[in-house]
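Dumped final_30.tsv below, it's TSV, C-alpha atoms:
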```
chain	number	residue	atom	x	y	z
B	274	MET	CA	130.96	141.69	106.65
B	275	LEU	CA	133.67	139.03	106.33
B	276	ARG	CA	133.29	137.16	103.03
B	277	ILE	CA	134.31	133.50	103.34
B	278	PHE	CA	134.87	130.87	100.64
B	279	LEU	CA	134.31	127.37	102.04
B	280	VAL	CA	136.00	124.34	100.46
B	281	ASP	CA	135.37	120.79	101.69
B	282	ASP	CA	134.54	117.62	99.77
B	283	ASN	CA	132.12	116.34	102.43
B	284	ALA	CA	128.75	118.03	101.90
B	285	MET	CA	127.57	117.31	105.46
B	286	ALA	CA	130.78	118.71	106.97
B	287	ARG	CA	130.58	121.72	104.68
B	288	ALA	CA	126.99	122.41	105.78
B	289	ALA	CA	127.93	122.11	109.47
B	290	ILE	CA	130.94	124.40	109.06
B	291	LYS	CA	128.84	126.90	107.09
B	292	ASP	CA	126.25	126.94	109.88
B	293	ALA	CA	128.98	127.49	112.48
B	294	LEU	CA	130.53	130.31	110.46
B	295	GLN	CA	127.24	132.06	109.87
B	296	GLN	CA	126.36	132.00	113.59
B	297	HIS	CA	128.32	135.24	113.64
B	298	PRO	CA	126.33	138.07	112.03
B	299	ASP	CA	129.47	139.68	110.63
B	300	ARG	CA	130.37	136.60	108.53
B	301	ILE	CA	128.89	135.24	105.35
B	302	VAL	CA	129.83	132.27	103.19
B	303	VAL	CA	129.86	133.74	99.69
B	304	GLY	CA	130.78	130.55	97.85
B	305	GLU	CA	131.53	126.87	98.20
B	306	ALA	CA	133.58	124.25	96.39
B	307	ASP	CA	133.92	120.52	96.96
B	308	ASN	CA	137.50	119.97	95.83
B	309	GLY	CA	140.76	121.85	95.37
B	310	ARG	CA	140.44	122.14	91.60
B	311	GLN	CA	137.03	123.79	91.95
B	312	ALA	CA	138.44	126.08	94.62
B	313	VAL	CA	141.14	127.34	92.27
B	314	GLU	CA	138.66	127.74	89.41
B	315	LYS	CA	135.96	129.52	91.43
B	316	PHE	CA	138.05	131.59	93.86
B	317	HIS	CA	138.01	134.84	91.92
B	318	ASP	CA	134.28	134.53	91.19
B	319	TYR	CA	133.59	135.08	94.88
B	320	ASN	CA	136.32	137.59	95.86
B	321	PRO	CA	136.52	136.22	99.43
B	322	GLN	CA	138.49	137.80	102.23
B	323	LEU	CA	139.14	134.38	103.74
B	324	THR	CA	139.13	130.83	102.40
B	325	VAL	CA	138.43	127.99	104.84
B	326	MET	CA	139.69	124.86	103.10
B	327	ASP	CA	139.87	121.17	103.93
B	328	PHE	CA	143.17	119.36	103.46
B	329	VAL	CA	142.10	115.94	102.15
B	330	MET	CA	139.98	116.27	98.99
B	331	PRO	CA	139.69	114.53	95.63
B	332	GLU	CA	141.19	115.90	92.41
B	333	MET	CA	143.45	118.37	94.24
B	334	ASN	CA	144.19	118.53	97.96
B	335	GLY	CA	144.06	121.69	100.03
B	336	LEU	CA	147.82	122.22	100.05
B	337	GLU	CA	148.11	122.19	96.27
B	338	ALA	CA	145.06	124.43	95.90
B	339	ALA	CA	146.54	126.85	98.43
B	340	ARG	CA	149.86	126.91	96.56
B	341	ARG	CA	148.08	127.78	93.33
B	342	LEU	CA	145.96	130.47	94.95
B	343	THR	CA	148.90	132.11	96.72
B	344	GLU	CA	150.95	132.06	93.51
B	345	ARG	CA	148.20	134.11	91.87
B	346	ASP	CA	147.64	136.36	94.88
B	347	PRO	CA	150.21	136.34	97.71
B	348	GLN	CA	147.80	138.34	99.91
B	349	VAL	CA	145.14	135.60	99.95
B	350	ARG	CA	144.20	134.38	103.42
B	351	ILE	CA	143.62	130.65	103.80
B	352	LEU	CA	142.75	128.75	106.95
B	353	MET	CA	143.08	124.98	106.58
B	354	ILE	CA	140.78	122.59	108.41
B	355	THR	CA	141.77	118.97	108.85
B	356	THR	CA	141.20	115.85	110.90
B	357	ASP	CA	144.97	115.38	111.36
B	358	PRO	CA	146.85	118.60	112.19
B	359	SER	CA	150.31	117.00	112.37
B	360	ASN	CA	153.53	118.99	112.70
B	361	GLN	CA	154.47	117.96	109.16
B	362	LEU	CA	151.15	119.17	107.75
B	363	GLU	CA	151.47	122.46	109.58
B	364	GLU	CA	154.96	122.98	108.16
B	365	GLU	CA	153.76	122.18	104.65
B	366	ALA	CA	150.80	124.51	105.17
B	367	ARG	CA	153.11	127.38	106.15
B	368	ASN	CA	155.25	126.72	103.08
B	369	ALA	CA	152.13	126.78	100.89
B	370	GLY	CA	151.18	130.23	102.20
B	371	ILE	CA	148.39	129.05	104.50
B	372	CYS	CA	147.81	131.31	107.51
B	373	GLY	CA	146.70	128.64	109.95
B	374	VAL	CA	145.45	125.13	110.60
B	375	CYS	CA	142.41	124.26	112.68
B	376	ALA	CA	141.52	120.70	113.67
B	377	LYS	CA	138.02	119.63	112.67
B	378	GLU	CA	137.64	118.07	116.13
B	379	GLN	CA	138.14	121.56	117.59
B	380	MET	CA	135.70	123.53	115.48
B	381	ASN	CA	134.80	125.48	118.63
B	382	ARG	CA	138.17	127.21	118.05
B	383	LEU	CA	137.35	128.17	114.46
B	384	LYS	CA	136.13	131.64	115.47
B	385	ASP	CA	139.39	132.31	117.33
B	386	ALA	CA	141.44	131.01	114.40
B	387	ILE	CA	139.57	133.27	111.98
B	388	ASP	CA	139.97	136.29	114.27
B	389	VAL	CA	143.74	135.74	114.50
B	390	VAL	CA	144.18	135.20	110.76
B	391	MET	CA	142.04	138.22	109.84
B	392	ALA	CA	144.09	140.36	112.25
B	393	GLY	CA	147.16	139.45	110.17
B	394	GLY	CA	148.47	136.69	112.41
B	395	THR	CA	148.99	132.98	112.03
B	396	TYR	CA	147.13	130.18	113.77
B	397	PHE	CA	149.08	126.98	114.30
B	398	ARG	CA	149.14	124.60	117.26
B	399	LYS	CA	152.54	125.77	118.47
B	400	GLU	CA	151.57	129.41	118.41
B	401	ALA	CA	148.85	131.84	117.52
B	402	THR	CA	150.25	135.27	116.78
B	403	ALA	CA	148.74	138.53	115.64
```
Rewritten as structure tokens:
Amino acid sequence: MLRIFLVDDNAMARAAIKDALQQHPDRIVVGEADNGRQAVEKFHDYNPQLTVMDFVMPEMNGLEAARRLTERDPQVRILMITTDPSNQLEEEARNAGICGVCAKEQMNRLKDAIDVVMAGGTYFRKEATA
């Protein structure tokens, strides 16, 4: 069972993403947070194998939260979701230790992105490697 920590400030988006994630019987959302600060504070309470985190959030954005989480645990796996997966954001995400970026408009690709990241690869628009 893949344990997922879901972080998004929009409750409706979070619910929709949670439903999509849990359509797969081998995946469970073990915890949720609605901003980057909460994500950093709650992360170890849930011991997730994967964190699916929004980029734009109040208090602390997804990049800063990812930096803090990867400083504490370089093995953490984070997949960023965003409405604007620009080249610059993807580069910053890589530098923050994020394993991939998935556009919210392409949530049908979330399963593939998770599969690639959990196999040890990266999932960015220019490439998806395992």
**Request:** Tell me, in Å to one decimal, how far atom CA of B:Arg367 is from atom CA of B:Ile354.
**Result:** 13.4 Å
**Item:** Contact residues around B:Met326 with all atoms listed in the file at 8 Å, ignoring same-chain residues under 6 positions, as a PyMOL selection string
**Value:** chain B and resi 279-281+335+351-354
**Item:** Atomic separation - atom CA of B:Met380 relative to atom CA of B:Val302, Å
**Value:**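 These atoms are spaced 16.2 Å apart.
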**Message:** With all atoms listed in the file as the counted atoms, please give the residues lying no more than 10 Å from B:Lys377, apart from itself and same-chain residues fewer than 4 positions off, as an NGL selection string.
**Reply:** :B and (286 or 290 or 327 or 353-358 or 381-383)
**Prompt:** With only C-alpha atoms as the basis for distance, which of B:Cys372, B:Arg340, B:Ala288, B:Pro298 is at the shortest distance from B:Ala312?
**Reply:** B:Arg340
**Prompt:** Distance atom CA of B:Glu305-atom CA of B:Asn283, one decimal place?
**Reply:**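 Between these atoms lies a distance of 11.4 Å.
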Nearby residues (all atoms listed in the file) at most 9 Å from B:Val313, same-chain spacing under 4 positions excluded, as a PDB file with C-alpha atoms, in the frame of the given file:
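File out_34.pdb, as written:
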```pdb
ATOM      1  CA  ASN B 308     137.500 119.970  95.830  1.00  0.00           C
ATOM      2  CA  GLY B 309     140.760 121.850  95.370  1.00  0.00           C
ATOM      3  CA  HIS B 317     138.010 134.840  91.920  1.00  0.00           C
ATOM      4  CA  ALA B 338     145.060 124.430  95.900  1.00  0.00           C
ATOM      5  CA  ALA B 339     146.540 126.850  98.430  1.00  0.00           C
ATOM      6  CA  ARG B 341     148.080 127.780  93.330  1.00  0.00           C
ATOM      7  CA  LEU B 342     145.960 130.470  94.950  1.00  0.00           C
TER       8      LEU B 342
END
```
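Of the listed residues B:Tyr319, B:Tyr396, B:Phe328, B:Phe278, the one whose atoms come nearest to B:Leu362 is B:Phe328, with distances taken using only C-alpha atoms.
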**Asked** Using only C-alpha atoms, which of B:Asp307, B:Asp388, B:Glu378, B:Glu364 sits nearest B:Met330?
**Response**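 Going through B:Asp307, B:Asp388, B:Glu378, B:Glu364 one by one, the smallest distance to B:Met330 is for B:Asp307.
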**Request:** Find, counting only C-alpha atoms, the residue in B:Gln295, B:Asn334, B:Asn320, B:Thr395 that gets nearest to B:Asp346.
**Result:**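 Between B:Gln295, B:Asn334, B:Asn320, B:Thr395, the residue approaching B:Asp346 most closely is B:Asn320.
By all atoms listed in the file, and with residues fewer than 4 positions from B:Asp385 along its chain excluded, the set lying at most 12 Å from it is Leu294, Leu352, Gly373, Val374, Cys375, Gln379, Met380, Asn381, Val389, Val390, Met391, Ala392, Gly394, Thr395, Tyr396, Phe397, Ala401, Thr402 and Ala403 of chain B.
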**Prompt:** Between B:Glu363, B:Gly370, B:Asp299, B:Gly393, which is the closest to B:Arg345 once you count all atoms listed in the file?
**Reply:** B:Gly370
For B:Gln322, work out the shell of residues within 8 Å, counting only C-alpha atoms and skipping chain neighbours fewer than 5 positions away, then give it as a PDB file with C-alpha atoms, in the coordinates of the input.
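Done, and the output landed in selection_31.pdb:
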```pdb
ATOM      1  CA  LEU B 275     133.670 139.030 106.330  1.00  0.00           C
ATOM      2  CA  ARG B 276     133.290 137.160 103.030  1.00  0.00           C
ATOM      3  CA  ILE B 277     134.310 133.500 103.340  1.00  0.00           C
ATOM      4  CA  PHE B 278     134.870 130.870 100.640  1.00  0.00           C
ATOM      5  CA  VAL B 349     145.140 135.600  99.950  1.00  0.00           C
ATOM      6  CA  ARG B 350     144.200 134.380 103.420  1.00  0.00           C
TER       7      ARG B 350
END
```
**Asked** So which one's closest to B:His297, B:Met274, B:Met285, B:Ala369, B:Val325? Using only C-alpha atoms, please.
**Response**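 Checking each of B:Met274, B:Met285, B:Ala369, B:Val325 against B:His297, counting only C-alpha atoms, the winner is B:Met274.
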